[in-house]
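Enquirer: What follows is a structure written as structure tokens; I'll ask about it next.
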Amino acid sequence: MYAQMVKTGVDRIQSSEEMSPEERAFQERIDADIKIEPKEWMPEAYRKTLIRQISQHAHSEIIGMQPEGNWITRAPTLERKAILLAKVQDEAGHGLYLYCAAETLGVSRDELMEQLNSGKAKYSSIFNYPTLTWADIGAIGWLVDGAAIMNQVPLQRCSYGPYSRAMIRICKEESFHQRQGYDIMMKLARGTPEQKQMAQDALNRWWWPSLMMFGPSDADSVHSAQSMKWKIKINSNDELRQKFVDQTVPQAEYLGLTVPDPDLRWNAERGHYDFGAVDWEEFYQVIAGNGPCNRQRLRTRVKAYEEGRWVREAAEAYAAKKAARAQAKAA
Amino acid sequence: MTDRKEWPLWEVFIRSQHGLAHRHVGSLHAPDAEMAIKNARDVYTRRNEGVSIWVVKASDIAASSPGEKGPLFDPANSKVYRHPTFYEIPEELGHM
Ligand SMILES: [Fe+2]
Ligand SMILES: [Fe+2]
């Protein structure tokens, strides 16, 4: 997902008897679906885990602008260009909502920027794949935003107030993202044989990385169990991945495209699609920094930050000058 | 890379189309109030969410602390007579 394999710092789940009175009261509020708000008492591990999760999510939104930004100047029509611009601008907004939510937990924006720009912070594996053709923009909206929605909709109910509110804003904007992607795919799938082939090629390349977005199976992960107990993770990775496959396969069929998985078939008994094994070695390589675009993404990010420096400095100088004038007048 | 002072945090309030009060929508960093309003336009009103923006420096907001919740709000619990449903009005009178 946009935050993958978030560590909680715990090695096992505490029983109610082992908890301190504060911890027990905290867990009871979570069990009763009462939101936790910034200045309230919370276990240190909850706070730290949330900072990791929310900031990873924010970094993903910010880096996620790059693969799509790659096609803004080459969009096939003015309308497609305006739509793509609006979509990418939304992703910037999502990053900003989430950074603010993370900051309520006591981390500063500068620290978060530093973690991202130094390469220390993680972001979703999916954004380290290249966008080779215009069809990739369709595939990203349809599959990547589609997968993100699967995860973000339940997170609207998460236990931390600022994160939940950010998710509500984000979800309102996401469905446009997925639809504009599918719209691009429909256009291509109904176009010339070459255009349809382009759509098929994009699906071939984005399908498996999209399934990887949900992260490896966490059925036995103590971190996931803890995060679920805290209600900052709502569904298991396998559950969401299955839901995504079930939802997406008919959409691919409608387009007349083939999902690149020879093992994919409907299982009437389970009421779900069975699908082939994900290549987790590839996933681990990508999050270790060895995906096709990791270095390029970071380089672009740092370059944008550095090239914006004079703008930030000018704005600061102007604000300082105005404040000094106002003070002189008041004196 | 953090060789500068962080911009102050601003809380953003938006009034929607329908004559409701300004509502808190989120926050952002900006060097001054003017830039905060400009940025709030882009971050929080990309879809006609509002007709008016307020920004307030977060450090200028005084807030009740979570620990005060009991003393501040519990006294209202016992004052059920403040609600219209406390009073029984004969049905034959119709709506009141
Ligand atoms: Fe997003
Ligand atoms: Fe999106």
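Labeling convention for the structure tokens: chains A, B, ... as they appear, residues from 1 per chain, ligands from 1 in order of appearance.
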Identify every residue of chain A that has at least one atom within 7 Å of any atom of chain B, counting only C-alpha atoms, and report the result as a PyMOL selection string.
Expert: chain A and resi 39-40+93+100+110+114+315-316+319
Enquirer: Write out as a PyMOL selection string each polymer residue whose atoms come within 8 Å of Phe13 of chain B, counting only C-alpha atoms; drop sequence neighbours fewer than 6 positions from it.
Expert: chain B and resi 22-26+53-55
Enquirer: Generate a file of the selected residues that holds N, CA, C and O atoms, formatted as a PDB file, in the first residue's frame.
Expert:
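And here's again.pdb as it stands now:
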```pdb
ATOM      1  N   HIS B  22     -17.678  29.499   9.047  1.00  0.00           N
ATOM      2  CA  HIS B  22     -16.381  28.969   8.642  1.00  0.00           C
ATOM      3  C   HIS B  22     -16.114  27.682   9.411  1.00  0.00           C
ATOM      4  O   HIS B  22     -16.387  27.609  10.604  1.00  0.00           O
ATOM      5  N   ARG B  23     -15.555  26.702   8.733  1.00  0.00           N
ATOM      6  CA  ARG B  23     -15.291  25.421   9.378  1.00  0.00           C
ATOM      7  C   ARG B  23     -13.817  25.071   9.231  1.00  0.00           C
ATOM      8  O   ARG B  23     -13.229  25.296   8.175  1.00  0.00           O
ATOM      9  N   HIS B  24     -13.255  24.518  10.288  1.00  0.00           N
ATOM     10  CA  HIS B  24     -11.851  24.122  10.216  1.00  0.00           C
ATOM     11  C   HIS B  24     -11.696  22.992   9.205  1.00  0.00           C
ATOM     12  O   HIS B  24     -12.422  22.012   9.255  1.00  0.00           O
ATOM     13  N   VAL B  25     -10.755  23.143   8.263  1.00  0.00           N
ATOM     14  CA  VAL B  25     -10.575  22.097   7.259  1.00  0.00           C
ATOM     15  C   VAL B  25      -9.197  21.448   7.321  1.00  0.00           C
ATOM     16  O   VAL B  25      -8.991  20.371   6.768  1.00  0.00           O
ATOM     17  N   GLY B  26      -8.238  22.115   7.974  1.00  0.00           N
ATOM     18  CA  GLY B  26      -6.900  21.533   8.015  1.00  0.00           C
ATOM     19  C   GLY B  26      -5.892  22.635   8.270  1.00  0.00           C
ATOM     20  O   GLY B  26      -6.246  23.723   8.722  1.00  0.00           O
ATOM     21  N   ILE B  53     -12.095  32.351   3.069  1.00  0.00           N
ATOM     22  CA  ILE B  53     -11.038  31.629   3.795  1.00  0.00           C
ATOM     23  C   ILE B  53     -10.570  32.453   4.989  1.00  0.00           C
ATOM     24  O   ILE B  53     -10.342  33.653   4.857  1.00  0.00           O
ATOM     25  N   TRP B  54     -10.452  31.826   6.135  1.00  0.00           N
ATOM     26  CA  TRP B  54      -9.757  32.419   7.275  1.00  0.00           C
ATOM     27  C   TRP B  54      -8.497  31.609   7.531  1.00  0.00           C
ATOM     28  O   TRP B  54      -8.539  30.371   7.466  1.00  0.00           O
ATOM     29  N   VAL B  55      -7.406  32.269   7.856  1.00  0.00           N
ATOM     30  CA  VAL B  55      -6.237  31.548   8.351  1.00  0.00           C
ATOM     31  C   VAL B  55      -5.829  32.151   9.691  1.00  0.00           C
ATOM     32  O   VAL B  55      -5.909  33.355   9.881  1.00  0.00           O
TER      33      VAL B  55
END
```
Enquirer: Ligand 2: which residues are within 12 Å, counting only C-alpha atoms and all ligand atoms, as a ChimeraX atom specification?
Expert: /A:2,57-58,60-65,68,84,86-95,137,140-152,167,169-181
Enquirer: With N, CA and C atoms retained, export the selected residues as a CSV table (one decimal), in the first residue's frame.
Expert:
```csv
chain,number,residue,atom,x,y,z
A,2,TYR,N,0.3,2.4,0.2
A,2,TYR,CA,1.1,3.6,0.2
A,2,TYR,C,2.0,3.6,1.4
A,57,HIS,N,2.9,7.3,3.9
A,57,HIS,CA,1.8,7.6,3.0
A,57,HIS,C,2.0,8.9,2.3
A,58,ALA,N,2.4,9.9,3.1
A,58,ALA,CA,2.6,11.3,2.5
A,58,ALA,C,3.7,11.3,1.5
A,60,SER,N,4.6,8.9,-0.3
A,60,SER,CA,4.1,8.2,-1.5
A,60,SER,C,3.3,9.1,-2.4
A,61,GLU,N,2.5,10.0,-1.8
A,61,GLU,CA,1.7,10.9,-2.6
A,61,GLU,C,2.6,11.9,-3.3
A,62,ILE,N,3.7,12.3,-2.6
A,62,ILE,CA,4.6,13.3,-3.2
A,62,ILE,C,5.4,12.7,-4.3
A,63,ILE,N,6.0,11.5,-4.1
A,63,ILE,CA,6.8,10.9,-5.1
A,63,ILE,C,5.9,10.4,-6.2
A,64,GLY,N,4.7,10.0,-5.9
A,64,GLY,CA,3.7,9.5,-6.8
A,64,GLY,C,3.4,10.5,-7.9
A,65,MET,N,3.7,11.8,-7.7
A,65,MET,CA,3.5,12.8,-8.8
A,65,MET,C,4.4,12.6,-9.9
A,68,GLU,N,3.5,10.2,-13.2
A,68,GLU,CA,2.4,10.8,-14.0
A,68,GLU,C,2.8,12.2,-14.5
A,84,LEU,N,-5.0,15.5,-16.3
A,84,LEU,CA,-3.8,15.0,-15.7
A,84,LEU,C,-3.2,16.0,-14.7
A,86,ALA,N,-4.8,18.3,-13.0
A,86,ALA,CA,-5.6,18.3,-11.9
A,86,ALA,C,-5.4,17.1,-11.0
A,87,LYS,N,-5.2,16.0,-11.6
A,87,LYS,CA,-5.0,14.8,-10.8
A,87,LYS,C,-3.7,14.8,-10.1
A,88,VAL,N,-2.6,15.3,-10.7
A,88,VAL,CA,-1.3,15.3,-10.1
A,88,VAL,C,-1.4,16.4,-9.0
A,89,GLN,N,-2.1,17.5,-9.2
A,89,GLN,CA,-2.2,18.5,-8.2
A,89,GLN,C,-2.9,18.0,-7.0
A,90,ASP,N,-3.9,17.1,-7.2
A,90,ASP,CA,-4.6,16.5,-6.1
A,90,ASP,C,-3.6,15.7,-5.2
A,91,GLU,N,-2.7,14.9,-5.9
A,91,GLU,CA,-1.8,14.1,-5.2
A,91,GLU,C,-0.9,15.0,-4.3
A,92,ALA,N,-0.5,16.1,-4.8
A,92,ALA,CA,0.3,17.1,-4.0
A,92,ALA,C,-0.5,17.4,-2.8
A,93,GLY,N,-1.8,17.7,-3.0
A,93,GLY,CA,-2.7,18.1,-1.8
A,93,GLY,C,-2.8,16.9,-0.8
A,94,HIS,N,-2.9,15.7,-1.3
A,94,HIS,CA,-2.9,14.5,-0.4
A,94,HIS,C,-1.7,14.5,0.4
A,95,GLY,N,-0.5,14.7,-0.2
A,95,GLY,CA,0.7,14.7,0.6
A,95,GLY,C,0.7,15.8,1.7
A,137,ILE,N,-0.5,6.0,-18.1
A,137,ILE,CA,-1.3,6.9,-17.3
A,137,ILE,C,-2.7,6.4,-17.0
A,140,ILE,N,-2.2,3.5,-14.4
A,140,ILE,CA,-2.0,4.0,-13.1
A,140,ILE,C,-3.3,4.5,-12.4
A,141,GLY,N,-4.0,5.3,-13.1
A,141,GLY,CA,-5.3,5.7,-12.5
A,141,GLY,C,-6.2,4.6,-12.2
A,142,TRP,N,-6.3,3.7,-13.1
A,142,TRP,CA,-7.2,2.5,-12.9
A,142,TRP,C,-6.7,1.6,-11.8
A,143,LEU,N,-5.5,1.1,-12.0
A,143,LEU,CA,-5.0,0.1,-11.1
A,143,LEU,C,-4.4,0.7,-9.8
A,144,VAL,N,-3.5,1.6,-9.9
A,144,VAL,CA,-2.8,2.1,-8.7
A,144,VAL,C,-3.7,2.9,-7.8
A,145,ASP,N,-4.4,3.9,-8.4
A,145,ASP,CA,-5.4,4.6,-7.6
A,145,ASP,C,-6.5,3.7,-7.1
A,146,GLY,N,-6.9,2.7,-8.0
A,146,GLY,CA,-7.9,1.7,-7.6
A,146,GLY,C,-7.4,0.9,-6.3
A,147,ALA,N,-6.2,0.5,-6.3
A,147,ALA,CA,-5.6,-0.2,-5.2
A,147,ALA,C,-5.5,0.7,-3.9
A,148,ALA,N,-5.1,1.9,-4.2
A,148,ALA,CA,-5.0,2.9,-3.1
A,148,ALA,C,-6.4,3.1,-2.4
A,149,ILE,N,-7.5,3.2,-3.2
A,149,ILE,CA,-8.8,3.4,-2.7
A,149,ILE,C,-9.2,2.2,-1.8
A,150,MET,N,-8.9,1.0,-2.2
A,150,MET,CA,-9.2,-0.2,-1.4
A,150,MET,C,-8.7,-0.1,0.0
A,151,ASN,N,-7.5,0.5,0.1
A,151,ASN,CA,-6.9,0.7,1.4
A,151,ASN,C,-7.4,1.9,2.2
A,152,GLN,N,-7.6,3.0,1.4
A,152,GLN,CA,-7.9,4.3,2.1
A,152,GLN,C,-9.3,4.4,2.6
A,167,MET,N,-8.0,11.2,5.5
A,167,MET,CA,-8.4,10.1,4.7
A,167,MET,C,-9.8,10.4,4.1
A,169,ARG,N,-11.0,13.4,3.4
A,169,ARG,CA,-10.8,14.3,2.3
A,169,ARG,C,-10.2,13.6,1.0
A,170,ILE,N,-9.3,12.8,1.3
A,170,ILE,CA,-8.6,12.1,0.2
A,170,ILE,C,-9.5,11.2,-0.6
A,171,CYS,N,-10.3,10.5,0.1
A,171,CYS,CA,-11.2,9.5,-0.6
A,171,CYS,C,-12.2,10.2,-1.4
A,172,LYS,N,-12.6,11.4,-1.0
A,172,LYS,CA,-13.6,12.2,-1.8
A,172,LYS,C,-13.0,12.5,-3.2
A,173,GLU,N,-11.6,12.6,-3.2
A,173,GLU,CA,-11.0,13.1,-4.5
A,173,GLU,C,-10.5,11.9,-5.3
A,174,GLU,N,-10.4,10.7,-4.7
A,174,GLU,CA,-9.8,9.6,-5.4
A,174,GLU,C,-10.6,9.0,-6.5
A,175,SER,N,-11.9,9.1,-6.4
A,175,SER,CA,-12.7,8.3,-7.3
A,175,SER,C,-12.6,8.9,-8.7
A,176,PHE,N,-12.4,10.2,-8.8
A,176,PHE,CA,-12.1,10.9,-10.0
A,176,PHE,C,-10.8,10.3,-10.6
A,177,HIS,N,-9.8,10.1,-9.8
A,177,HIS,CA,-8.5,9.6,-10.3
A,177,HIS,C,-8.7,8.2,-11.0
A,178,GLN,N,-9.4,7.3,-10.3
A,178,GLN,CA,-9.6,6.0,-10.9
A,178,GLN,C,-10.4,6.1,-12.2
A,179,ARG,N,-11.4,6.9,-12.2
A,179,ARG,CA,-12.3,6.9,-13.3
A,179,ARG,C,-11.6,7.5,-14.5
A,180,GLN,N,-10.8,8.6,-14.3
A,180,GLN,CA,-10.1,9.2,-15.4
A,180,GLN,C,-9.1,8.2,-16.0
A,181,GLY,N,-8.5,7.3,-15.2
A,181,GLY,CA,-7.6,6.3,-15.7
A,181,GLY,C,-8.3,5.3,-16.5
```
Enquirer: Can you list, as a ChimeraX atom specification, all residues belonging to chain B that DSSP tags as helix (DSSP H, G or I)?
Expert: /B:33-44,58-60,66-78,80-82,84-86,91-93
Enquirer: For ligand 1, which of A:Asn235, A:Ile168, A:Ser159, A:Glu103 is the closest residue, counting only C-alpha atoms and all ligand atoms?
Expert: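 Using only C-alpha atoms and all ligand atoms, ligand 1 sits closest to A:Ile168.
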Enquirer: Go ahead and compute the interatomic distance for atom CA of Trp207 of chain A and atom CA of Asn70 of chain A, in Å to one decimal.
Expert: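 Those two atoms sit 19.9 Å apart.
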